[in-house]
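*Asks:* Structure incoming, see below.
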Amino acid sequence: MLKIRKKEYGDANLIGENVERLRKERGVKQKEFIARLQTEGLDINPTSYSKLEGQLRLATDKEVYTIAKILHVTTDSLFVKPE
């Protein structure tokens, strides 16, 4: 079972909430997702990734590209405001 977010989202990036939702929809745990990002050459640690999902830090272009690639979505779809 995937954990429920405890803190409110920040405003440091536009994609974090969508990334978290898409990852969870696919039943992928954060730890597994981070491992996939690292396999793709992204040097990211759990704290940094958690802050990205929580919109507490900026997301780099490389992170946006790699996340979209792993989730099999367009980069544009990461920026769509959740309903």
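Chain labels run A, B, ... following the order of the structure tokens; each chain numbers its residues from 1, and ligands are numbered from 1 in the order shown.
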Please list as a VMD selection string every residue within 12 Å of A:Gly41, counting only C-alpha atoms and excluding residues in the same chain fewer than 4 positions away.

*Replies:* chain A and resid 34 to 37 62 to 63 65 to 67

*Asks:* Write the residues of the selection above to a file with N, CA and C atoms, as a PDB file, in the first residue's frame.

*Replies:*
```
ATOM      1  N   ILE A  34      12.965   6.048  -7.681  1.00  0.00           N
ATOM      2  CA  ILE A  34      14.284   6.680  -7.554  1.00  0.00           C
ATOM      3  C   ILE A  34      15.349   5.784  -8.179  1.00  0.00           C
ATOM      4  N   ALA A  35      15.240   4.483  -7.955  1.00  0.00           N
ATOM      5  CA  ALA A  35      16.194   3.535  -8.552  1.00  0.00           C
ATOM      6  C   ALA A  35      16.132   3.599 -10.080  1.00  0.00           C
ATOM      7  N   ARG A  36      14.927   3.721 -10.631  1.00  0.00           N
ATOM      8  CA  ARG A  36      14.769   3.835 -12.091  1.00  0.00           C
ATOM      9  C   ARG A  36      15.395   5.129 -12.602  1.00  0.00           C
ATOM     10  N   LEU A  37      15.189   6.220 -11.859  1.00  0.00           N
ATOM     11  CA  LEU A  37      15.788   7.501 -12.246  1.00  0.00           C
ATOM     12  C   LEU A  37      17.311   7.390 -12.248  1.00  0.00           C
ATOM     13  N   LYS A  62      16.414  18.122 -17.017  1.00  0.00           N
ATOM     14  CA  LYS A  62      16.805  16.712 -17.131  1.00  0.00           C
ATOM     15  C   LYS A  62      15.881  15.827 -16.288  1.00  0.00           C
ATOM     16  N   GLU A  63      15.512  16.292 -15.106  1.00  0.00           N
ATOM     17  CA  GLU A  63      14.596  15.531 -14.249  1.00  0.00           C
ATOM     18  C   GLU A  63      13.222  15.414 -14.904  1.00  0.00           C
ATOM     19  N   TYR A  65      12.435  15.595 -18.079  1.00  0.00           N
ATOM     20  CA  TYR A  65      12.560  14.709 -19.241  1.00  0.00           C
ATOM     21  C   TYR A  65      12.605  13.240 -18.809  1.00  0.00           C
ATOM     22  N   THR A  66      13.453  12.938 -17.842  1.00  0.00           N
ATOM     23  CA  THR A  66      13.641  11.550 -17.405  1.00  0.00           C
ATOM     24  C   THR A  66      12.394  11.000 -16.722  1.00  0.00           C
ATOM     25  N   ILE A  67      11.757  11.805 -15.891  1.00  0.00           N
ATOM     26  CA  ILE A  67      10.521  11.382 -15.220  1.00  0.00           C
ATOM     27  C   ILE A  67       9.442  11.064 -16.255  1.00  0.00           C
TER      28      ILE A  67
END
```

*Asks:* Skip A:Gln55 itself and residues of its chain fewer than 6 positions away, then list as a count of residues only all residues within 10 Å of it, counting only C-alpha atoms.

*Replies:* 11

*Asks:* To one decimal in Å, tell me the separation between atom CA of A:Leu56 and atom CA of A:Gln38.

*Replies:* 20.4 Å

*Asks:* Could you tell me which of A:Ser48, A:Lys6, A:Glu53, A:Asp43 comes closest to A:Leu78 if we count only C-alpha atoms?

*Replies:* A:Glu53

*Asks:* When you count only C-alpha atoms, which of these residues is closest to A:Lys51: A:Val19, A:Ser77, A:Glu32, A:Ile4?

*Replies:*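 Distance minimum relative to A:Lys51 lands on A:Val19.
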
*Asks:* May I have all residues of chain A that DSSP, computed from the backbone, assigns to alpha helix (DSSP H), given as a PyMOL selection string?

*Replies:* chain A and resi 16-25+30-39+46-53+61-71

*Asks:* Rank nothing, just name the residue among A:Arg23, A:Leu58, A:Lys7, A:Thr47 nearest to A:Ile70, using only C-alpha atoms.

*Replies:*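 Nearest to A:Ile70: A:Arg23.
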
*Asks:* Which one of A:Arg5, A:Thr60, A:His72, A:Leu52 sits closest to A:Arg26 if you count only C-alpha atoms?

*Replies:*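 That would be A:His72, the residue with the smallest distance to A:Arg26.
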